[in-house]
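Note: the block below is entry_23.txt and it holds compact mmCIF, C-alpha atoms.
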# COMPACT_ATOMS: atom_id res chain seq x y z
CA MET D 162 166.09 182.57 50.66
CA ASN D 163 163.42 179.87 51.25
CA GLU D 164 165.21 178.83 54.41
CA LYS D 165 165.10 182.43 55.74
CA ARG D 166 161.40 182.67 54.98
CA LYS D 167 160.78 179.38 56.76
CA THR D 168 162.68 180.54 59.85
CA ALA D 169 160.81 183.85 59.91
CA SER D 170 157.51 182.02 59.57
CA VAL D 171 158.30 179.74 62.52
CA LEU D 172 159.25 182.68 64.71
CA LEU D 173 156.14 184.60 63.71
CA SER D 174 153.93 181.59 64.46
CA PHE D 175 155.51 181.25 67.91
CA LEU D 176 154.96 184.90 68.72
CA LEU D 177 151.39 184.99 67.51
CA LEU D 178 150.47 181.78 69.34
CA ALA D 179 151.99 183.15 72.53
CA LEU D 180 150.20 186.46 72.13
CA VAL D 181 146.85 184.81 71.48
CA ALA D 182 147.33 182.57 74.51
CA ALA D 183 148.24 185.59 76.60
CA CYS D 184 145.18 187.55 75.57
CA GLY D 185 142.63 184.75 75.67
CA GLY D 186 140.68 185.62 78.84
CA LYS D 187 137.93 183.31 80.04
CA THR D 188 134.42 184.45 79.14
CA GLU D 189 131.22 183.15 80.66
CA PRO D 190 127.59 184.07 79.90
CA ALA D 191 126.85 187.61 81.01
CA GLY D 192 124.48 188.26 83.85
CA PRO D 193 124.15 190.51 86.88
CA ALA D 194 126.52 190.14 89.82
CA SER D 195 125.14 187.08 91.56
CA GLU D 196 125.53 185.22 94.83
CA SER D 197 127.27 181.85 94.59
CA VAL D 198 129.03 179.34 96.77
CA MET D 199 131.11 177.99 93.90
CA PRO D 200 134.90 178.34 94.15
CA SER D 201 136.76 180.70 91.82
CA ALA D 202 137.46 179.49 88.29
CA ALA D 203 140.83 181.28 88.32
CA PRO D 204 143.75 178.95 87.60
CA SER D 205 145.51 177.55 90.67
CA ALA D 206 143.39 179.59 93.08
CA THR D 207 144.48 178.66 96.62
CA PRO D 208 142.84 180.63 99.45
CA SER D 209 145.21 181.41 102.30
CA ALA D 210 144.83 179.78 105.70
CA GLU D 211 143.13 182.75 107.34
CA ALA D 212 140.34 182.85 104.74
CA THR D 213 136.90 182.20 106.19
CA PRO D 214 134.17 180.52 104.08
CA LYS D 215 131.55 182.98 102.89
CA GLN D 216 129.03 183.42 100.12
CA VAL D 217 130.82 184.43 96.93
CA VAL D 218 129.67 187.17 94.57
CA THR D 219 130.46 186.61 90.89
CA VAL D 220 131.87 189.81 89.39
CA LYS D 221 132.03 190.24 85.63
CA PHE D 222 135.47 191.74 85.06
CA SER D 223 136.96 193.19 81.87
CA GLU D 224 140.73 193.70 81.53
CA VAL D 225 142.05 196.06 78.86
CA ILE D 226 144.74 193.66 77.58
CA ARG D 227 146.66 190.74 79.08
CA SER D 228 150.02 191.97 80.41
CA ILE D 229 152.44 191.46 83.30
CA PHE D 230 151.82 195.20 83.78
CA TYR D 231 148.76 194.11 85.80
CA ALA D 232 150.55 191.47 87.88
CA PRO D 233 148.98 192.42 91.26
CA HIS D 234 145.55 191.52 89.87
CA TYR D 235 146.66 188.12 88.56
CA ALA D 236 148.46 187.41 91.84
CA ALA D 237 145.22 188.19 93.69
CA MET D 238 143.34 185.74 91.45
CA SER D 239 145.93 182.99 91.67
CA LYS D 240 146.44 183.18 95.44
CA GLY D 241 142.73 183.26 96.22
CA PHE D 242 142.69 186.80 97.64
CA TYR D 243 139.47 187.65 95.80
CA GLU D 244 137.82 184.59 97.29
CA GLU D 245 138.90 185.70 100.75
CA GLU D 246 136.95 188.88 100.06
CA GLY D 247 133.88 186.96 98.86
CA ILE D 248 134.48 187.59 95.15
CA ARG D 249 134.67 185.23 92.19
CA VAL D 250 136.18 186.98 89.14
CA ASP D 251 134.64 186.13 85.75
CA MET D 252 137.31 187.68 83.50
CA ASN D 253 137.50 188.51 79.82
CA THR D 254 139.95 190.59 77.78
CA ALA D 255 138.49 193.66 76.03
CA GLN D 256 141.50 194.61 73.86
CA GLY D 257 141.06 198.34 74.50
CA SER D 258 139.95 200.78 77.19
CA ASP D 259 137.16 202.00 74.94
CA LYS D 260 135.73 198.48 74.79
CA GLY D 261 136.15 198.01 78.55
CA ALA D 262 134.25 201.24 79.20
CA ALA D 263 131.53 200.26 76.72
CA ALA D 264 131.10 196.96 78.58
CA LEU D 265 130.43 198.87 81.81
CA ILE D 266 127.87 201.11 80.15
CA ALA D 267 126.17 198.13 78.48
CA GLY D 268 126.12 196.16 81.73
CA THR D 269 128.18 193.27 80.38
CA ALA D 270 130.93 194.09 82.91
CA ASP D 271 130.66 195.12 86.55
CA ILE D 272 134.28 196.30 86.90
CA SER D 273 136.81 197.13 84.20
CA MET D 274 140.56 197.66 84.23
CA VAL D 275 141.03 200.58 81.81
CA GLY D 276 142.78 203.88 81.30
CA PRO D 277 141.28 206.48 83.68
CA GLU D 278 140.72 208.85 80.77
CA THR D 279 137.69 206.75 79.80
CA ALA D 280 135.80 207.99 82.87
CA ILE D 281 136.38 211.58 81.74
CA TYR D 282 135.27 210.82 78.18
CA ILE D 283 132.04 209.17 79.38
CA TYR D 284 131.29 211.96 81.85
CA ASN D 285 131.61 214.63 79.16
CA GLN D 286 129.21 212.76 76.91
CA LYS D 287 126.46 213.57 79.45
CA GLY D 288 124.79 210.21 78.94
CA GLY D 289 122.64 208.21 81.30
CA LYS D 290 125.56 206.59 83.12
CA THR D 291 128.86 207.80 84.52
CA LEU D 292 131.99 205.88 85.46
CA LYS D 293 134.12 206.30 88.57
CA ILE D 294 137.74 205.39 89.18
CA PHE D 295 138.06 203.62 92.55
CA HIS D 296 141.62 202.20 92.48
CA GLN D 297 144.76 203.42 90.71
CA LEU D 298 146.74 200.30 89.79
CA THR D 299 149.69 201.83 87.92
CA MET D 300 151.48 205.18 88.00
CA LYS D 301 153.79 204.69 85.02
CA ASP D 302 153.25 203.81 81.38
CA GLY D 303 153.86 200.09 80.93
CA SER D 304 155.05 200.01 77.31
CA PHE D 305 158.53 199.57 75.90
CA LEU D 306 159.96 200.82 72.64
CA LEU D 307 161.69 198.14 70.55
CA SER D 308 163.68 198.64 67.36
CA ARG D 309 163.92 196.42 64.29
CA ASN D 310 167.66 197.04 64.04
CA LYS D 311 170.02 197.31 66.98
CA VAL D 312 170.56 200.89 68.12
CA ASP D 313 173.53 201.55 70.37
CA SER D 314 172.94 204.21 73.07
CA PHE D 315 169.39 204.98 71.92
CA LYS D 316 168.34 208.64 71.85
CA TRP D 317 164.81 209.82 71.18
CA SER D 318 166.15 211.83 68.26
CA ASP D 319 166.90 208.44 66.62
CA LEU D 320 163.16 208.28 65.86
CA SER D 321 163.38 211.22 63.46
CA GLY D 322 161.98 210.10 60.11
CA LYS D 323 161.18 206.60 61.45
CA THR D 324 157.91 204.70 61.63
CA ILE D 325 156.56 203.40 64.97
CA ILE D 326 153.77 200.84 65.38
CA GLY D 327 151.81 202.28 68.30
CA TRP D 328 148.41 202.15 69.97
CA ARG D 329 145.00 203.47 69.02
CA PRO D 330 144.35 207.25 69.17
CA GLY D 331 143.20 208.45 72.59
CA SER D 332 144.61 205.45 74.46
CA SER D 333 147.03 206.00 77.34
CA PRO D 334 150.11 204.45 75.67
CA GLN D 335 149.46 206.41 72.46
CA MET D 336 149.17 209.70 74.35
CA VAL D 337 152.28 209.00 76.44
CA MET D 338 154.24 208.25 73.27
CA ASN D 339 152.95 211.40 71.59
CA SER D 340 153.77 213.51 74.66
CA GLN D 341 157.25 211.96 74.93
CA LEU D 342 158.00 212.73 71.28
CA ALA D 343 156.84 216.33 71.81
CA LYS D 344 158.97 216.64 74.95
CA GLU D 345 162.02 215.43 73.04
CA GLY D 346 161.31 217.66 70.06
CA VAL D 347 160.83 214.77 67.63
CA LYS D 348 158.38 216.13 65.06
CA ASP D 349 158.83 213.92 62.01
CA ALA D 350 158.36 210.41 63.41
CA LYS D 351 155.33 208.58 61.98
CA VAL D 352 153.29 206.72 64.59
CA ILE D 353 150.91 204.12 63.15
CA THR D 354 147.75 204.03 65.28
CA ASN D 355 145.28 202.04 63.17
CA ILE D 356 146.52 198.49 63.81
CA ALA D 357 144.45 196.49 66.32
CA ALA D 358 146.35 195.44 69.43
CA PRO D 359 146.35 191.69 68.65
CA ALA D 360 147.75 192.39 65.15
CA MET D 361 150.61 194.71 66.12
CA VAL D 362 153.25 192.02 66.60
CA GLY D 363 152.33 190.30 63.34
CA ALA D 364 152.57 193.58 61.43
CA PHE D 365 156.01 194.27 62.88
CA THR D 366 157.43 190.80 62.30
CA ASN D 367 156.14 190.95 58.72
CA GLY D 368 158.28 194.01 58.09
CA GLN D 369 156.06 196.98 58.94
CA GLY D 370 157.55 199.77 61.05
CA ASP D 371 161.05 200.58 62.25
CA PHE D 372 159.99 200.49 65.91
CA ILE D 373 157.13 199.01 67.92
CA GLN D 374 155.61 199.99 71.29
CA VAL D 375 154.56 196.91 73.29
CA PHE D 376 153.94 195.73 76.85
CA GLU D 377 155.49 192.85 78.76
CA PRO D 378 155.82 189.92 78.29
CA VAL D 379 155.47 190.54 74.53
CA ALA D 380 158.44 192.94 74.56
CA SER D 381 160.77 190.32 76.05
CA MET D 382 159.41 187.62 73.73
CA LEU D 383 160.29 189.70 70.66
CA VAL D 384 163.75 190.49 72.01
CA ASN D 385 164.51 186.89 73.01
CA THR D 386 163.54 185.54 69.59
CA GLY D 387 165.82 188.06 67.87
CA LYS D 388 162.98 189.90 66.14
CA ALA D 389 163.58 193.20 67.95
CA TYR D 390 165.99 195.08 70.18
CA TYR D 391 165.24 196.97 73.40
CA ALA D 392 165.42 200.75 72.91
CA ALA D 393 163.63 202.50 75.79
CA SER D 394 161.03 202.31 78.56
CA LEU D 395 158.20 204.81 78.11
CA GLY D 396 157.50 204.59 81.84
CA GLU D 397 161.02 205.58 82.83
CA SER D 398 161.37 208.20 80.10
CA TYR D 399 158.04 209.97 80.57
CA GLY D 400 157.74 209.67 84.35
CA THR D 401 154.66 209.62 86.55
CA PHE D 402 151.41 209.03 84.70
CA PRO D 403 148.17 207.39 85.98
CA GLU D 404 147.85 204.81 83.21
CA THR D 405 145.63 202.02 84.51
CA SER D 406 142.68 202.12 86.90
CA PHE D 407 139.87 199.93 88.15
CA VAL D 408 136.57 201.54 87.17
CA ALA D 409 132.87 200.84 87.68
CA THR D 410 129.65 202.72 87.04
CA SER D 411 128.51 205.14 89.71
CA ASP D 412 125.39 203.00 90.11
CA PHE D 413 127.35 199.80 90.78
CA ILE D 414 129.59 201.55 93.31
CA ARG D 415 126.54 202.97 95.09
CA ASP D 416 124.65 199.67 95.09
CA ARG D 417 127.55 197.31 95.87
CA PRO D 418 130.15 199.13 98.01
CA ASP D 419 130.93 195.80 99.69
CA VAL D 420 132.04 194.33 96.36
CA ILE D 421 134.15 197.38 95.50
CA GLN D 422 135.84 197.32 98.92
CA GLY D 423 136.51 193.61 98.64
CA PHE D 424 137.97 194.07 95.16
CA VAL D 425 140.29 196.84 96.35
CA ASN D 426 141.39 194.79 99.36
CA ALA D 427 142.18 191.77 97.16
CA VAL D 428 144.33 193.75 94.72
CA ALA D 429 146.21 195.31 97.64
CA LYS D 430 146.90 191.83 99.00
CA GLY D 431 148.16 190.79 95.58
CA GLN D 432 150.56 193.70 95.41
CA ARG D 433 151.89 193.09 98.92
CA TRP D 434 152.36 189.42 98.10
CA LEU D 435 154.40 190.27 94.98
CA GLY D 436 156.71 192.34 97.13
CA LYS D 437 157.64 189.48 99.45
CA ALA D 438 157.18 186.27 97.41
CA SER D 439 160.12 184.34 95.99
CA PRO D 440 160.77 184.31 92.21
CA ASP D 441 159.56 180.72 91.96
CA GLU D 442 156.36 181.54 93.84
CA ILE D 443 155.69 184.55 91.58
CA ALA D 444 156.28 182.51 88.43
CA ASP D 445 153.99 179.70 89.64
CA ALA D 446 151.24 182.21 90.41
CA LEU D 447 151.40 184.11 87.10
CA MET D 448 152.19 181.39 84.56
CA PRO D 449 148.59 180.08 84.28
CA TYR D 450 147.60 183.50 82.89
CA PHE D 451 150.46 183.59 80.37
CA GLU D 452 150.45 180.22 78.66
CA GLY D 453 153.34 179.85 76.24
CA THR D 454 155.49 182.33 78.18
CA SER D 455 158.53 180.94 79.99
CA LYS D 456 159.17 181.36 83.69
CA GLU D 457 162.28 183.40 82.89
CA LEU D 458 160.36 185.88 80.74
CA ILE D 459 157.63 186.29 83.35
CA LEU D 460 160.15 186.99 86.13
CA ALA D 461 162.14 189.39 83.93
CA SER D 462 158.92 191.27 83.11
CA VAL D 463 157.91 191.55 86.78
CA GLU D 464 161.36 192.84 87.73
CA ARG D 465 161.33 195.37 84.92
CA TYR D 466 158.00 196.76 86.13
CA LYS D 467 159.14 196.75 89.76
CA LYS D 468 162.31 198.62 88.81
CA GLN D 469 160.39 201.54 87.35
CA ASP D 470 158.01 201.79 90.35
CA THR D 471 154.99 200.84 88.28
CA TRP D 472 152.72 199.94 91.21
CA PRO D 473 152.30 202.73 93.81
CA ALA D 474 152.50 201.77 97.49
CA VAL D 475 149.20 203.59 97.98
CA PRO D 476 146.99 202.94 94.91
CA GLU D 477 145.35 206.36 95.02
CA LEU D 478 144.67 208.73 92.14
CA THR D 479 145.80 212.03 93.67
CA PRO D 480 144.68 215.51 92.60
CA GLU D 481 148.18 216.08 91.19
CA ALA D 482 148.05 212.90 89.09
CA PHE D 483 144.52 213.75 87.93
CA GLU D 484 145.77 217.17 86.83
CA THR D 485 148.60 215.51 84.91
CA LEU D 486 146.12 213.19 83.23
CA GLN D 487 143.82 216.00 82.09
CA ASN D 488 146.72 218.11 80.83
CA VAL D 489 147.96 215.18 78.73
CA LEU D 490 144.46 214.72 77.31
CA ILE D 491 144.32 218.41 76.39
CA ASP D 492 147.82 218.38 74.88
CA ASN D 493 146.83 215.40 72.74
CA GLY D 494 143.66 217.06 71.49
CA VAL D 495 141.21 214.52 72.95
CA LEU D 496 139.88 216.87 75.64
CA LYS D 497 138.92 220.49 75.06
CA ARG D 498 140.23 222.92 77.66
CA GLU D 499 136.67 223.98 78.49
CA GLU D 500 135.80 220.31 79.14
CA LYS D 501 138.45 219.92 81.83
CA LEU D 502 136.83 218.70 85.06
CA ALA D 503 137.22 221.10 87.96
CA ASN D 504 135.92 218.55 90.46
CA MET D 505 137.70 215.21 90.25
CA ALA D 506 135.04 213.69 92.53
CA ASP D 507 132.77 213.66 89.47
CA VAL D 508 134.73 210.66 88.18
CA VAL D 509 136.93 209.56 91.10
CA ASP D 510 136.13 207.85 94.42
CA MET D 511 139.21 206.95 96.44
CA SER D 512 137.29 206.24 99.68
CA PHE D 513 137.74 202.48 99.25
CA VAL D 514 141.49 202.76 98.81
CA ARG D 515 141.71 204.76 102.05
CA LYS D 516 140.06 201.88 103.90
CA ILE D 517 142.70 199.31 102.87
CA GLY D 518 144.16 197.76 106.01
CA GLN D 519 141.14 198.44 108.18
CA GLU D 520 139.40 195.55 109.94
CA GLY D 521 142.35 193.29 109.21
CA LYS D 522 142.10 193.71 105.42
Since I need it in another form, could you write the structure as structure tokens?
Amino acid sequence: MNEKRKTASVLLSFLLLALVAACGGKTEPAGPASESVMPSAAPSATPSAEATPKQVVTVKFSEVIRSIFYAPHYAAMSKGFYEEEGIRVDMNTAQGSDKGAAALIAGTADISMVGPETAIYIYNQKGGKTLKIFHQLTMKDGSFLLSRNKVDSFKWSDLSGKTIIGWRPGSSPQMVMNSQLAKEGVKDAKVITNIAAPAMVGAFTNGQGDFIQVFEPVASMLVNTGKAYYAASLGESYGTFPETSFVATSDFIRDRPDVIQGFVNAVAKGQRWLGKASPDEIADALMPYFEGTSKELILASVERYKKQDTWPAVPELTPEAFETLQNVLIDNGVLKREEKLANMADVVDMSFVRKIGQEGK
């Protein structure tokens, strides 16, 4: 019995250390976007040959969590594509779209990677600032459902009467899970939504929950250490959903369109690079952002996201996808029908995405 507890403790320590390392974004003192000639602090940043020296703007950037789900962004940092666009990314990890949006409103972030629903929430609060979505990074949910015990030929009905460790209420992964359960007619599954993101894995490995909903590379880490079994992909099961966007305040977009365009161009370069780079090149580029995660797990995570068409060829939030988003918000009770935005331009500006590829970008 003591031996089993010791083994479980070692596995848990490994997972938690890896998760902390994965989510530990670099934070520097906050200040307004500033001009600098210093090189990027991103690990292994190597500007490409065609890059021309220019003054670099430091952009305070907040990511929602650390996940391979956002690989095009990390590729852009690692390969120096932001620097080519005159941008130095000062990145921290918010651990939630609500916190990423709050950072924009407070001015402690210039650009945030969050769920696009946050722009709608802020707009309907009728406060002094509004947020605008300017780049749609993902068009699928990025979470995976894992089971404590092996389930052969998983069916969503297998969740009947079971407990699932999920994400906070109103977040994209929580709403996708809730909508998927409703679509499958599963009414008696209990989804736990009050565990903070960094504590989810620890709660599961300590015996809480029958299933857990996590992103890569954490999903593969749990499976590879024998603590969980793969059950389903929420992205494949639910289908198209605009889960993750790059967002800034309307004021910042108005005042610094050059920065927004450069940011969009860099992410597009990162995505194109992922599509043509070798596995070894991809692993070398992403590993500095996922300390404690093996090359094999990183590559498996990238391939899993590629397979489900996570990253759209054109990173545009379309009217159809915006309609889907608002309907999901209404169905989940976080948006009143009368609050539904008739004009998506109130919170969306895709003009920068439409300029990708112009002037050699």
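Note that the spacing between CA of Gly327 in chain D and CA of Phe376 in chain D amounts to 11.0 Å.
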Closest contacts (range 339-362 of chain D/range 391-405 of chain D, max 9 Å, only C-alpha atoms) as CSV:
residue,atom,partner,partner_atom,distance
D:Ser340,CA,D:Tyr399,CA,8.1
D:Gln341,CA,D:Tyr399,CA,6.0
D:Lys344,CA,D:Tyr399,CA,8.8
Quick one, how far is CA of Ala343 in chain D from CA of Gly494 in chain D? 13.2 Å
Name the residues in contact with Ile266 in chain D at a cut-off of 7 Å, using only C-alpha atoms, excluding same-chain residues fewer than 3 positions from it; report them as a list of chain:residue names.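 After dropping sequence-adjacent residues, the list is D:Ala262, D:Ala263, D:Lys290.
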Identify, on the basis of all atoms listed in the file, every residue whose closest approach to Gly261 in chain D does not exceed 6 Å; exclude the query and any residue fewer than 3 positions from it along the same chain; express the result as a list in words.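 Residues near the query, excluding close chain neighbours: Ser223, Ala255, Ser258, Ala264 and Ser273 of chain D.
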Ile229 in chain D proximity check over D:Ala503, D:Val495, D:Ala350, D:Ala446, using all atoms listed in the file: winner is D:Ala446
For CA of Val514 in chain D and CA of Ser462 in chain D, determine how far apart the two atoms are, in Å to one decimal place. 26.1 Å
Measuring atom to atom with all atoms listed in the file, identify which of D:Thr454, D:Ser228, D:Thr471, D:Gln519 is nearest to Gln432 in chain D.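 Of the candidates, the smallest distance to Gln432 in chain D is held by D:Thr471.
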Do you know which residues are at most 12 Å from Tyr466 in chain D counting all atoms listed in the file, after dropping those on the same chain fewer than 5 positions away, and could you put them as a list in words?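 After dropping sequence-adjacent residues, the list is Ser228, Ile229, Phe230, Tyr231, Ala232, Pro233, Thr299, Met300, Lys301, Asp302, Gly303, Ser304, Phe305, Phe376, Glu377, Pro378, Ser394, Leu395, Gly396, Glu397, Leu435, Gly436, Ile459, Leu460, Ala461, Thr471, Trp472 and Pro473 of chain D.
For the residues D:Phe424, D:Phe222, D:Tyr390, D:Trp434, ranking by smallest atom-to-atom distance to Glu246 in chain D using all atoms listed in the file places D:Phe424 first.
Nearest residue to Ser512 in chain D among D:Thr479, D:Thr269, D:Asn339, D:Thr366 is D:Thr479, counting all atoms listed in the file.
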From the list D:Glu224, D:Asp313, D:Asp319, D:Asp259, which residue is nearest Asp271 in chain D when using all atoms listed in the file?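 Checking each of D:Glu224, D:Asp313, D:Asp319, D:Asp259 against Asp271 in chain D, counting all atoms listed in the file, the winner is D:Glu224.
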With distances taken over all atoms listed in the file, which residue among D:Gly276, D:Lys501, D:Lys468, D:Leu298 lies nearest Glu484 in chain D?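 Nearest candidate to Glu484 in chain D out of D:Gly276, D:Lys501, D:Lys468, D:Leu298: D:Lys501.
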Give me the residues within 8 Å of Asp349 in chain D as a PyMOL selection string, counting all atoms listed in the file and dropping any in the same chain fewer than 3 places off. chain D and resi 321-323
